[in-house]
$ cat target02.txt   # compact mmCIF, C-alpha atoms
# COMPACT_ATOMS: atom_id res chain seq x y z
CA MET A 1 131.45 112.72 92.11
CA ASP A 2 134.08 112.24 89.39
CA ARG A 3 133.13 110.72 86.05
CA GLU A 4 134.64 107.30 86.78
CA SER A 5 132.73 107.01 90.05
CA GLU A 6 129.62 108.26 88.32
CA LEU A 7 129.82 105.56 85.65
CA ALA A 8 130.30 102.88 88.33
CA VAL A 9 127.34 104.18 90.33
CA ILE A 10 125.16 104.23 87.21
CA GLU A 11 126.01 100.60 86.50
CA ARG A 12 125.02 99.65 90.04
CA LEU A 13 121.90 101.78 89.84
CA ARG A 14 120.89 99.99 86.63
CA ALA A 15 121.21 96.74 88.57
CA GLY A 16 118.87 98.09 91.26
CA ASP A 17 121.54 98.56 93.92
CA VAL A 18 120.03 100.42 96.88
CA ALA A 19 123.44 101.59 98.10
CA ALA A 20 124.09 103.16 94.69
CA PHE A 21 120.81 105.05 94.98
CA ASP A 22 121.88 106.34 98.41
CA GLU A 23 125.16 107.63 96.97
CA VAL A 24 123.35 109.53 94.24
CA TYR A 25 120.72 110.75 96.71
CA GLU A 26 123.29 112.17 99.13
CA ALA A 27 125.44 113.68 96.38
CA TYR A 28 122.70 115.41 94.43
CA ARG A 29 119.84 116.01 96.85
CA PRO A 30 120.97 119.49 98.06
CA ARG A 31 121.86 120.58 94.52
CA VAL A 32 118.56 119.52 92.98
CA PHE A 33 116.66 120.97 95.94
CA GLY A 34 118.55 124.25 95.60
CA PHE A 35 117.55 124.39 91.93
CA LEU A 36 113.90 123.56 92.62
CA VAL A 37 113.57 126.00 95.49
CA ARG A 38 114.84 128.82 93.29
CA LEU A 39 112.39 127.84 90.59
CA ALA A 40 109.37 127.29 92.80
CA ARG A 41 110.22 130.04 95.31
CA ARG A 42 108.43 127.96 97.92
CA ARG A 43 110.14 125.42 100.12
CA ASP A 44 107.11 123.17 100.56
CA VAL A 45 106.51 122.97 96.82
CA ALA A 46 110.21 122.32 96.16
CA GLU A 47 110.20 119.45 98.66
CA ASP A 48 107.23 117.80 96.95
CA LEU A 49 108.79 118.26 93.53
CA LEU A 50 112.10 116.89 94.79
CA GLU A 51 110.39 113.72 95.99
CA GLU A 52 108.89 113.28 92.54
CA VAL A 53 112.38 113.60 90.99
CA TRP A 54 113.75 110.77 93.13
CA LEU A 55 110.76 108.53 92.47
CA ARG A 56 111.30 109.04 88.75
CA LEU A 57 114.97 108.13 89.12
CA VAL A 58 113.95 104.91 90.83
CA ALA A 59 111.36 104.17 88.14
CA HIS A 60 113.91 104.72 85.36
CA ALA A 61 117.00 103.35 87.09
CA ARG A 62 117.12 100.11 85.11
CA ARG A 63 116.66 101.96 81.82
CA LEU A 64 119.44 104.52 82.34
CA GLU A 65 122.03 104.58 79.61
CA PRO A 66 125.45 103.41 80.83
CA ASP A 67 126.97 106.79 79.92
CA THR A 68 124.23 108.92 81.50
CA ARG A 69 125.30 112.24 82.99
CA LEU A 70 123.47 112.17 86.29
CA ALA A 71 123.51 115.91 86.89
CA ALA A 72 121.99 116.68 83.51
CA TRP A 73 119.46 113.84 83.90
CA LEU A 74 118.36 114.93 87.36
CA PHE A 75 118.11 118.62 86.47
CA THR A 76 116.13 117.79 83.34
CA VAL A 77 113.64 115.78 85.38
CA ALA A 78 113.53 118.47 88.08
CA ARG A 79 112.83 121.15 85.50
CA ASN A 80 110.14 119.06 83.80
CA VAL A 81 108.50 118.30 87.13
CA TYR A 82 108.46 122.02 87.97
CA TRP A 83 106.89 123.07 84.66
CA SER A 84 104.31 120.27 84.92
CA TYR A 85 103.44 121.60 88.35
CA CYS A 86 103.06 125.11 86.90
CA ARG A 87 100.80 123.89 84.11
CA SER A 88 98.62 122.00 86.57
CA ARG A 89 98.37 125.05 88.81
CA LEU A 90 97.46 127.20 85.79
CA LEU A 91 94.41 125.04 85.35
CA GLU A 92 93.47 125.33 89.00
CA GLU A 93 94.12 128.96 89.81
CA GLU A 94 92.91 132.25 88.38
CA HIS A 95 96.27 133.93 88.77
CA GLY A 96 98.38 131.11 87.35
CA ALA A 97 100.27 133.47 85.07
CA SER A 98 102.26 134.78 87.99
CA LEU A 99 103.33 131.24 88.81
CA ILE A 100 104.89 130.59 85.44
CA GLY A 101 106.55 133.96 85.35
CA LEU A 102 105.08 135.27 82.12
CA TRP A 103 104.48 138.58 83.81
CA PRO A 104 106.59 140.17 86.52
CA VAL A 105 105.45 139.35 90.02
CA PRO A 106 104.63 142.72 91.66
CA SER A 107 106.28 141.81 94.93
CA PRO A 108 108.34 138.66 95.34
CA PRO A 109 106.97 136.18 97.90
CA PRO A 110 108.94 135.75 101.15
CA SER A 111 112.22 134.03 100.50
CA PRO A 112 112.52 130.44 101.73
CA PHE A 113 116.09 131.24 102.71
CA ASP A 114 115.35 133.75 105.46
CA ASP A 115 116.72 131.39 108.08
CA ALA A 116 119.75 130.30 106.09
CA VAL A 117 120.90 133.52 104.48
CA ALA A 118 124.17 134.64 105.93
CA SER A 119 124.31 138.24 104.81
CA GLU A 120 122.27 141.13 103.59
CA LEU A 121 124.01 140.82 100.24
CA ASP A 122 122.83 137.22 99.92
CA GLN A 123 119.31 138.35 100.76
CA ARG A 124 119.45 140.93 97.99
CA VAL A 125 120.83 138.42 95.51
CA GLU A 126 118.13 135.88 96.42
CA SER A 127 115.45 138.54 96.18
CA ALA A 128 116.77 139.78 92.84
CA LEU A 129 116.90 136.24 91.47
CA ALA A 130 113.38 135.50 92.72
CA SER A 131 112.07 138.60 90.90
CA LEU A 132 113.11 137.20 87.53
CA PRO A 133 110.79 135.07 85.41
CA ALA A 134 111.37 131.34 85.90
CA ARG A 135 112.82 130.76 82.44
CA TYR A 136 115.71 133.14 83.29
CA ARG A 137 116.16 131.81 86.81
CA GLU A 138 116.63 128.29 85.55
CA VAL A 139 119.30 129.09 82.95
CA LEU A 140 121.20 131.35 85.33
CA TRP A 141 121.20 128.66 87.99
CA LEU A 142 122.18 125.82 85.70
CA VAL A 143 125.08 127.70 84.10
CA ALA A 144 126.35 129.94 86.90
CA VAL A 145 125.84 127.68 89.90
CA GLU A 146 125.66 124.13 88.61
CA GLU A 147 128.31 124.92 85.98
CA LEU A 148 126.62 123.00 83.22
CA THR A 149 128.02 123.83 79.84
CA PRO A 150 125.69 125.95 77.67
CA ALA A 151 125.11 122.87 75.50
CA GLU A 152 124.14 120.74 78.51
CA ALA A 153 121.96 123.49 79.96
CA ALA A 154 120.24 123.90 76.59
CA ARG A 155 119.44 120.17 76.54
CA VAL A 156 118.12 120.35 80.11
CA CYS A 157 115.88 123.28 79.20
CA GLY A 158 114.83 121.78 75.90
CA ILE A 159 115.96 124.75 73.83
CA ALA A 160 118.58 125.36 71.17
CA PRO A 161 122.06 126.45 72.36
CA GLU A 162 121.67 129.82 70.68
CA ALA A 163 118.36 130.41 72.44
CA LEU A 164 120.03 129.50 75.73
CA ARG A 165 122.84 131.97 75.13
CA GLN A 166 120.31 134.73 74.45
CA ARG A 167 118.28 133.81 77.50
CA LEU A 168 121.43 133.69 79.62
CA SER A 169 122.56 137.08 78.38
CA ARG A 170 119.15 138.61 79.02
CA GLY A 171 118.92 136.90 82.41
CA ARG A 172 122.32 138.24 83.47
CA ALA A 173 121.31 141.76 82.50
CA MET A 174 117.97 141.49 84.32
CA LEU A 175 119.65 140.11 87.43
CA ALA A 176 122.23 142.88 87.44
CA GLU A 177 119.46 145.45 87.03
CA ALA A 178 117.42 143.94 89.84
CA LEU A 179 120.47 143.96 92.10
CA ARG A 180 121.20 147.57 91.24
CA ALA A 181 117.61 148.54 92.07
CA ARG A 182 117.85 146.82 95.43
CA GLU A 183 121.21 148.42 96.17
CA LEU A 184 119.76 151.86 95.37
CA SER A 185 116.78 151.13 97.58
CA ARG A 186 119.08 150.07 100.39
CA THR A 187 121.32 153.12 100.16
CA SER A 188 118.38 155.52 99.92
CA ARG A 189 116.84 153.97 103.04
CA GLY A 190 120.16 154.35 104.81
CA ARG A 191 120.23 158.12 104.25
CA MET B 1 130.39 146.17 76.64
CA LEU B 2 133.47 144.83 78.46
CA ALA B 3 132.54 146.64 81.68
CA GLU B 4 129.03 145.18 81.48
CA ASP B 5 130.44 141.70 80.96
CA LEU B 6 132.68 142.09 84.00
CA ARG B 7 129.75 143.32 86.07
CA ASP B 8 127.62 140.41 84.90
CA GLU B 9 130.41 137.97 85.77
CA SER B 10 130.57 139.28 89.33
CA THR B 11 126.78 139.01 89.48
CA LEU B 12 126.98 135.38 88.46
CA ARG B 13 129.70 134.80 91.07
CA MET B 14 127.31 136.14 93.70
CA LEU B 15 124.82 133.47 92.65
CA LYS B 16 127.44 130.82 93.16
CA GLY B 17 128.05 132.06 96.69
CA LEU B 18 124.45 131.62 97.78
CA ALA B 19 123.58 129.13 100.50
CA THR B 20 122.71 125.58 99.52
CA PRO B 21 119.59 124.67 101.46
CA ASP B 22 118.71 121.04 102.07
CA VAL B 23 115.48 119.26 102.72
CA ASP B 24 114.31 118.71 106.26
CA ARG B 25 116.12 115.60 107.58
CA ALA B 26 112.98 113.71 108.50
CA ARG B 27 111.50 114.33 105.06
CA ALA B 28 114.78 113.28 103.41
CA ALA B 29 114.74 110.01 105.36
CA LEU B 30 111.09 109.35 104.44
CA VAL B 31 111.78 109.89 100.75
CA ARG B 32 114.84 107.66 100.92
CA GLU B 33 112.82 104.86 102.51
CA ARG B 34 110.07 105.22 99.96
CA CYS B 35 112.59 104.95 97.15
CA HIS B 36 114.25 101.94 98.78
CA ARG B 37 110.88 100.15 98.98
CA ARG B 38 110.25 100.79 95.30
CA LEU B 39 113.72 99.63 94.33
CA ARG B 40 113.24 96.39 96.27
CA ARG B 41 109.80 95.85 94.72
CA GLN B 42 111.31 96.39 91.31
CA GLY B 43 113.96 93.82 92.17
CA TRP B 44 111.27 91.24 93.02
CA ARG B 45 109.33 92.05 89.84
CA GLY B 46 112.55 91.94 87.90
CA ARG B 47 113.26 88.40 89.12
CA LEU B 48 109.71 87.32 88.19
CA ALA B 49 110.13 88.87 84.78
CA ALA B 50 113.44 87.04 84.40
CA ILE B 51 111.72 83.73 85.17
CA ALA B 52 108.95 84.46 82.66
CA GLU B 53 111.57 85.20 80.03
CA ALA B 54 113.78 82.22 80.89
CA PRO B 55 114.33 79.44 78.29
CA PHE B 56 111.93 76.43 78.13
CA GLU B 57 114.34 74.09 79.94
CA GLN B 58 114.67 76.46 82.91
CA ARG B 59 111.03 77.48 83.02
CA VAL B 60 109.24 74.14 82.47
CA LEU B 61 111.56 71.15 82.15
CA GLU B 62 113.61 71.54 85.30
CA PRO B 63 110.62 72.17 87.63
CA THR B 64 108.79 69.18 86.08
CA ILE B 65 111.71 66.80 86.62
CA VAL B 66 112.24 68.01 90.19
CA THR B 67 108.51 67.62 90.97
CA ALA B 68 108.46 64.11 89.51
CA LEU B 69 111.50 63.03 91.54
CA CYS B 70 109.93 64.47 94.71
CA ALA B 71 106.71 62.57 93.99
CA VAL B 72 108.64 59.31 93.51
CA TYR B 73 110.53 59.88 96.76
CA LEU B 74 107.35 60.69 98.71
CA SER B 75 105.46 57.68 97.37
CA GLU B 76 108.41 55.43 98.32
CA VAL B 77 108.43 56.86 101.87
CA ILE B 78 104.69 56.26 102.21
CA ARG B 79 105.01 52.72 100.79
CA ARG B 80 107.73 51.81 103.29
CA ALA B 81 105.84 53.38 106.16
CA LEU B 82 102.78 51.30 105.29
CA TRP B 83 104.95 48.16 105.08
CA LEU B 84 106.50 48.87 108.50
CA PHE B 85 103.40 49.93 110.40
CA GLY B 86 100.55 48.81 108.22
CA THR B 87 99.12 45.64 106.93

$ encode --input "target02.txt" --output "structure tokens"
Amino acid sequence: MDRESELAVIERLRAGDVAAFDEVYEAYRPRVFGFLVRLARRRDVAEDLLEEVWLRLVAHARRLEPDTRLAAWLFTVARNVYWSYCRSRLLEEEHGASLIGLWPVPSPPPSPFDDAVASELDQRVESALASLPARYREVLWLVAVEELTPAEAARVCGIAPEALRQRLSRGRAMLAEALRARELSRTSRGR
Amino acid sequence: MLAEDLRDESTLRMLKGLATPDVDRARAALVRERCHRRLRRQGWRGRLAAIAEAPFEQRVLEPTIVTALCAVYLSEVIRRALWLFGT
């Protein structure tokens, strides 16, 4: 969606236009879901969180600023919804720390992409990404995949741009290391 | 450092090449419908709110005048009906 179309859709959304909602829903649903599923590492959780994101858009539609950047708005809400979910789970579960990625997860849970992954390389990349703590997954995804500028990604994550750059740098290094480990594991199994 | 940067760039490119999953179609349709219902409800509430915030003439005066005219018309109809069919 180009910026001009986006501004027009936002105006219609502010007026409560259902067709405008559908345009935004179709354009951003896979992207926001892809982000959430990499954060949550569980498809069922990501689907529930995604629904919450859309309900919040509907609730705030009339209060959107005319110059809102939809991608940044939606990813901010998606991220907030995810971290709220983590905090609520922390209160419910004994092992909540593993959910919010403060400590490395000993073995990553099964990938929700097993059916969709096209190649072994993609599987390794997904697995490597899933092994990272959530705060690195989110910045890597927002900058590398969603192509948000570092400033936009910093606003989405609620951190200063310098902190985002450090987190991005660290995340890139961790991802590369995780990929290398998986590549070594693959080649040693092949021998 | 440069070699590491190049390696990291290719790593990030691999992320970009990952599949984009989507929600189950039935679930997507359910969520869409739920959002549509809320949007429509908001539209109805929005119109009510607009009436509540309307100026005095629109909110009170106009309905009063219309009601009075309807009452006059109805009483005239009843009066004529009584004259035609009544005493």

$ atom_distance --input "target02.txt" --atom1 "CA of Met14 in chain B" --atom2 "CA of Val125 in chain A"
7.1 Å

$ residues_around --input "target02.txt" --residues "range 63-71 of chain A" --least-positions-apart "6" --cutoff "9 Å" --atoms "all atoms listed in the file" --output "JSON list (two decimals) with C-alpha atoms, keeping the file's coordinate frame"
[["chain", "number", "residue", "atom", "x", "y", "z"],
["A", 3, "ARG", "CA", 133.13, 110.72, 86.05],
["A", 6, "GLU", "CA", 129.62, 108.26, 88.32],
["A", 7, "LEU", "CA", 129.82, 105.56, 85.65],
["A", 8, "ALA", "CA", 130.30, 102.88, 88.33],
["A", 10, "ILE", "CA", 125.16, 104.23, 87.21],
["A", 11, "GLU", "CA", 126.01, 100.60, 86.50],
["A", 13, "LEU", "CA", 121.90, 101.78, 89.84],
["A", 14, "ARG", "CA", 120.89, 99.99, 86.63],
["A", 24, "VAL", "CA", 123.35, 109.53, 94.24],
["A", 28, "TYR", "CA", 122.70, 115.41, 94.43],
["A", 32, "VAL", "CA", 118.56, 119.52, 92.98],
["A", 57, "LEU", "CA", 114.97, 108.13, 89.12],
["A", 146, "GLU", "CA", 125.66, 124.13, 88.61],
["A", 148, "LEU", "CA", 126.62, 123.00, 83.22]]

$ closest_residue --input "target02.txt" --among "A:Gly171, A:Arg155, A:Ala46, A:Leu36" --to "Leu129 in chain A" --atoms "only C-alpha atoms"
A:Gly171

$ interface_residues --input "target02.txt" --of "chain B" --to "chain A" --cutoff "10 Å" --atoms "only C-alpha atoms" --output "PyMOL selection string"
chain B and resi 4-5+7-24+27-28+30-32+34-43+46

$ atom_distance --input "target02.txt" --atom1 "CA of Arg38 in chain A" --atom2 "CA of Ala153 in chain A"
16.0 Å

$ axis_aligned_box --input "target02.txt" --around "range 9-20 of chain B" --padding-each-side "3 Å" --output "AutoDock Vina command-line options"
--center_x 126.6 --center_y 132.4 --center_z 93.1 --size_x 13.9 --size_y 19.7 --size_z 20.7

$ atom_distance --input "target02.txt" --atom1 "CA of Glu62 in chain B" --atom2 "CA of Ile78 in chain B"
24.5 Å

$ residues_around --input "target02.txt" --residues "Ala151 in chain A" --least-positions-apart "4" --cutoff "10 Å" --atoms "all atoms listed in the file" --output "ChimeraX atom specification"
/A:143,155-157,159-162,164-165
